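Trainee: If you scroll down you'll find the structure; I have some questions about it.
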Amino acid sequence: MAEIVNIFYQPFELCLMLTSALFFCMADVKYGFSTLQYGYKLDRRMITSYINYSILDCVEDCLRTTRCRSVNYCQGAHFCQTNFENRTTVPDLFIEKPGWIYSDMEDWDKTIAGACSMSNCSMNEKCIPKPFGQFSCVISDCGIPSNERFSMEKVREWDAIGLERGIHITCSVGYKPQGSERFVCRPDGSWKTNLKCTTKRTIM
């Protein structure tokens, strides 16, 4: 029985590889490579990170992740970071960093993502390509902790909003923190936190 399943699976796997290769060959990557920013990265706005990725792997992953706006790539370590902001939305966080490469997603041909270039995944989802131009959507992150009482001033370099990652959030000016300032992203896409920000009393 196992041999029969394996015989069926091998052509299926080959079909998936050929479909992905066809989309990639159709994509124009020259412009994207020409706009890479060497010696720069976007700091403290990470969705998640990956090891043993090429720069194109990094770009493709970002294009398949709805919230992704840019990537940082460490060429020597083959290390990829996907970001939920870019150098235009948070220019103060676009910093010089030797050994790193930065890229905006708007500079790349979307067809690199194959069937996912036409996905309708939600903002906190990532597209997973399937054979014959099909795709599915899976949860990618917990979103940006949004509350007028929360502040991202204390976000650290390796913080991230992706699944099973964590980020440091503090209270906005005028509010007093109670509880841990570390938010942890659950596998179901919700934040685990006990931080409460209460209004500071003013002394008359």
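Order determines the names: the first chain of the structure tokens is A, the second B, and so forth; residues in each chain are numbered 1 upward, and ligands are numbered 1 upward as they are shown.
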May I have the residues within 12 Å of A:Thr193 as a tab-separated table (two decimals) with all heavy atoms, in the first residue's frame, using only C-alpha atoms and disregarding those fewer than 4 positions away in the same chain?
Mentor:
```tsv
chain	number	residue	atom	x	y	z
A	142	CYS	N	-0.28	37.72	14.79
A	142	CYS	CA	-1.33	38.17	15.72
A	142	CYS	C	-1.72	39.63	15.49
A	142	CYS	O	-2.50	40.19	16.26
A	142	CYS	CB	-0.85	38.00	17.16
A	142	CYS	SG	-0.85	36.27	17.70
A	145	PRO	N	-0.54	45.06	18.04
A	145	PRO	CA	-1.34	45.38	19.22
A	145	PRO	C	-1.87	46.80	19.14
A	145	PRO	O	-1.11	47.76	19.22
A	145	PRO	CB	-0.35	45.21	20.38
A	145	PRO	CG	0.66	44.25	19.86
A	145	PRO	CD	0.79	44.57	18.40
A	166	GLY	N	7.24	36.95	20.19
A	166	GLY	CA	6.85	37.90	21.23
A	166	GLY	C	7.28	39.31	20.91
A	166	GLY	O	8.21	39.54	20.11
A	167	ILE	N	6.62	40.28	21.54
A	167	ILE	CA	6.94	41.69	21.31
A	167	ILE	C	6.72	42.46	22.61
A	167	ILE	O	5.83	42.13	23.40
A	167	ILE	CB	6.06	42.27	20.17
A	167	ILE	CG1	6.53	43.67	19.77
A	167	ILE	CG2	4.59	42.27	20.54
A	167	ILE	CD1	5.86	44.19	18.52
A	168	HIS	N	7.58	43.44	22.86
A	168	HIS	CA	7.48	44.25	24.08
A	168	HIS	C	6.63	45.50	23.83
A	168	HIS	O	6.98	46.33	22.99
A	168	HIS	CB	8.86	44.63	24.57
A	168	HIS	CG	9.66	43.48	25.09
A	168	HIS	ND1	10.34	42.62	24.26
A	168	HIS	CD2	9.86	43.01	26.37
A	168	HIS	CE1	10.95	41.69	24.99
A	168	HIS	NE2	10.67	41.91	26.25
A	169	ILE	N	5.53	45.59	24.56
A	169	ILE	CA	4.61	46.72	24.44
A	169	ILE	C	4.51	47.40	25.80
A	169	ILE	O	4.41	46.73	26.84
A	169	ILE	CB	3.21	46.24	24.00
A	169	ILE	CG1	3.27	45.58	22.63
A	169	ILE	CG2	2.21	47.40	23.99
A	169	ILE	CD1	3.64	46.50	21.48
A	170	THR	N	4.53	48.72	25.82
A	170	THR	CA	4.38	49.45	27.06
A	170	THR	C	3.15	50.34	26.98
A	170	THR	O	2.45	50.36	25.96
A	170	THR	CB	5.64	50.30	27.35
A	170	THR	OG1	5.55	50.85	28.67
A	170	THR	CG2	5.78	51.43	26.34
A	178	GLN	N	0.41	47.86	34.39
A	178	GLN	CA	0.24	46.82	35.39
A	178	GLN	C	0.28	45.48	34.68
A	178	GLN	O	-0.53	45.22	33.79
A	178	GLN	CB	-1.08	46.99	36.14
A	178	GLN	CG	-1.31	45.95	37.22
A	178	GLN	CD	-2.63	46.12	37.93
A	178	GLN	OE1	-3.33	47.11	37.74
A	178	GLN	NE2	-2.98	45.15	38.76
A	179	GLY	N	1.24	44.62	35.03
A	179	GLY	CA	1.40	43.34	34.37
A	179	GLY	C	2.62	43.32	33.48
A	179	GLY	O	3.40	44.27	33.42
A	180	SER	N	2.81	42.23	32.75
A	180	SER	CA	3.99	42.05	31.89
A	180	SER	C	3.86	42.88	30.61
A	180	SER	O	2.78	42.96	30.02
A	180	SER	CB	4.16	40.58	31.54
A	180	SER	OG	5.19	40.41	30.60
A	181	GLU	N	4.98	43.45	30.18
A	181	GLU	CA	4.99	44.22	28.94
A	181	GLU	C	5.40	43.37	27.75
A	181	GLU	O	5.62	43.89	26.67
A	181	GLU	CB	5.93	45.42	29.09
A	181	GLU	CG	5.46	46.42	30.13
A	181	GLU	CD	6.33	47.66	30.22
A	181	GLU	OE1	7.50	47.60	29.77
A	181	GLU	OE2	5.85	48.69	30.73
A	182	ARG	N	5.48	42.07	27.93
A	182	ARG	CA	5.80	41.15	26.83
A	182	ARG	C	4.52	40.45	26.35
A	182	ARG	O	3.88	39.73	27.10
A	182	ARG	CB	6.84	40.12	27.23
A	182	ARG	CG	7.18	39.14	26.10
A	182	ARG	CD	8.36	38.27	26.44
A	182	ARG	NE	8.51	37.15	25.53
A	182	ARG	CZ	9.05	37.24	24.31
A	182	ARG	NH1	9.48	38.40	23.85
A	182	ARG	NH2	9.14	36.18	23.53
A	183	PHE	N	4.17	40.68	25.10
A	183	PHE	CA	3.02	40.02	24.47
A	183	PHE	C	3.54	38.80	23.72
A	183	PHE	O	4.55	38.87	23.02
A	183	PHE	CB	2.36	40.96	23.46
A	183	PHE	CG	1.54	42.07	24.07
A	183	PHE	CD1	2.00	42.81	25.15
A	183	PHE	CD2	0.31	42.40	23.53
A	183	PHE	CE1	1.25	43.84	25.70
A	183	PHE	CE2	-0.45	43.43	24.07
A	183	PHE	CZ	0.01	44.15	25.15
A	184	VAL	N	2.84	37.67	23.82
A	184	VAL	CA	3.22	36.45	23.12
A	184	VAL	C	2.11	36.06	22.15
A	184	VAL	O	0.93	36.04	22.51
A	184	VAL	CB	3.49	35.29	24.10
A	184	VAL	CG1	3.80	34.01	23.34
A	184	VAL	CG2	4.65	35.64	25.03
A	185	CYS	N	2.49	35.79	20.90
A	185	CYS	CA	1.51	35.46	19.86
A	185	CYS	C	1.17	33.97	19.91
A	185	CYS	O	2.02	33.12	19.70
A	185	CYS	CB	2.07	35.83	18.49
A	185	CYS	SG	0.94	35.51	17.12
A	186	ARG	N	-0.09	33.66	20.19
A	186	ARG	CA	-0.55	32.27	20.25
A	186	ARG	C	-0.71	31.69	18.84
A	186	ARG	O	-0.89	32.43	17.87
A	186	ARG	CB	-1.89	32.19	20.97
A	186	ARG	CG	-1.88	32.61	22.44
A	186	ARG	CD	-3.23	32.27	23.05
A	186	ARG	NE	-3.31	32.61	24.47
A	186	ARG	CZ	-3.95	33.68	24.94
A	186	ARG	NH1	-4.55	34.53	24.09
A	186	ARG	NH2	-4.03	33.92	26.24
A	197	CYS	N	-3.31	49.05	31.19
A	197	CYS	CA	-2.84	50.43	31.23
A	197	CYS	C	-3.95	51.31	31.81
A	197	CYS	O	-4.99	51.50	31.16
A	197	CYS	CB	-2.47	50.91	29.84
A	197	CYS	SG	-1.12	49.97	29.08
```
Trainee: Neighbouring residues of stretch 75-82 of chain A were defined as those with any atom within 7 Å, considering only C-alpha atoms; residues of the same chain fewer than 4 positions away were excluded. Please report them as a VMD selection string.
Mentor: chain A and resid 46 to 54 58 62 68 70 to 71 99 to 100
Trainee: Which is closest to A:Arg64 among A:Ser140, A:Ser34, A:Gln134, A:Ser172, if we use only C-alpha atoms?
Mentor: A:Ser140
Trainee: Out of A:Leu36, A:Ala27, A:Ile139, A:Leu42, which residue has the shortest atom-to-atom distance to A:Trp158 when counting only C-alpha atoms?
Mentor: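 Between A:Leu36, A:Ala27, A:Ile139, A:Leu42, the residue approaching A:Trp158 most closely is A:Leu42.
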Trainee: Can you pull out the residues contacting A:Thr35? Cut-off 9 Å, using only C-alpha atoms, and skip same-chain residues under 2 positions away; I want them as a list in words.
Mentor: Lys30, Tyr31, Gly32, Phe33, Gln37, Ser103, Asp104 and Asp107 of chain A
Trainee: Store the residues picked out above, limited to N, CA, C and O atoms, as a short mmCIF file (atom, residue, chain, number, x, y, z; two decimals), in the first residue's frame.
Mentor:
```cif
data_model
loop_
_atom_site.label_atom_id
_atom_site.label_comp_id
_atom_site.auth_asym_id
_atom_site.auth_seq_id
_atom_site.Cartn_x
_atom_site.Cartn_y
_atom_site.Cartn_z
N LYS A 30 14.60 41.29 -12.42
CA LYS A 30 15.72 42.22 -12.64
C LYS A 30 15.52 43.54 -11.90
O LYS A 30 16.43 44.04 -11.25
N TYR A 31 14.31 44.12 -11.99
CA TYR A 31 14.08 45.42 -11.35
C TYR A 31 14.21 45.30 -9.83
O TYR A 31 14.80 46.16 -9.17
N GLY A 32 13.67 44.22 -9.27
CA GLY A 32 13.75 44.02 -7.82
C GLY A 32 15.20 43.97 -7.35
O GLY A 32 15.56 44.62 -6.35
N PHE A 33 16.04 43.23 -8.06
CA PHE A 33 17.45 43.15 -7.69
C PHE A 33 18.14 44.51 -7.82
O PHE A 33 19.03 44.84 -7.04
N GLN A 37 18.75 47.63 -1.27
CA GLN A 37 19.49 48.61 -0.49
C GLN A 37 20.53 47.88 0.36
O GLN A 37 20.20 47.29 1.40
N SER A 103 14.81 45.52 1.23
CA SER A 103 14.03 45.62 0.00
C SER A 103 12.56 45.89 0.29
O SER A 103 11.97 45.29 1.21
N ASP A 104 11.96 46.80 -0.49
CA ASP A 104 10.52 47.07 -0.43
C ASP A 104 9.79 46.09 -1.34
O ASP A 104 10.23 45.80 -2.45
N ASP A 107 8.69 46.85 -5.09
CA ASP A 107 9.68 46.82 -6.17
C ASP A 107 9.76 45.47 -6.88
O ASP A 107 10.53 45.31 -7.82
#
```
Trainee: I'd like to know which of A:Asp109, A:Asp43, A:Glu125, A:Asp159 is closest to A:Thr66, using only C-alpha atoms.
Mentor: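 Among the listed residues, A:Glu125 lies closest to A:Thr66.
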Trainee: Would you give me, as a list in words, the residues in stretch 52-171 of chain A that DSSP reads as helix (DSSP H, G or I)?
Mentor: Ile55, Leu56, Asp57, Cys58, Val59, Glu60, Asp61, Cys62, Leu63, Arg64, Pro91, Asp92, Leu93, Met105, Glu106, Asp107, Lys110, Thr111, Ile112, Ala113, Gly114, Ala115, Cys116, Ser117, Met118, Pro131, Phe132 and Gly133 of chain A
Trainee: If you run DSSP over the backbone, which residues in stretch 3-147 of chain A end up strand (DSSP E)? Put them as a PyMOL selection string.
Mentor: chain A and resi 37-42+46-51+70-74+79-83+94-104+125-129+135-139
Trainee: Give me, please, the distance in Å between atom CA of A:Met123 and atom CA of A:Lys97, quoted to one decimal.
Mentor: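 Distance reported for this atom pair: 29.1 Å.
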Trainee: What gap, in Å, lies between atom CA of A:Lys130 and atom CA of A:Met118?
Mentor: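 Separation of atom CA of A:Lys130 and atom CA of A:Met118: 12.7 Å.
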Trainee: Pick the closest to A:Glu85 from A:Ile161, A:Cys116, A:Val29, A:Ile128: which is it, counting only C-alpha atoms?
Mentor: A:Ile161
Trainee: For each of A:Pro91, A:Gly174, A:Gly133, A:Gly143, take the minimum atom-to-atom distance to A:Ala160, counting only C-alpha atoms, then give the residue where this is smallest.
Mentor: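 Selected residue with least distance to A:Ala160: A:Gly143.
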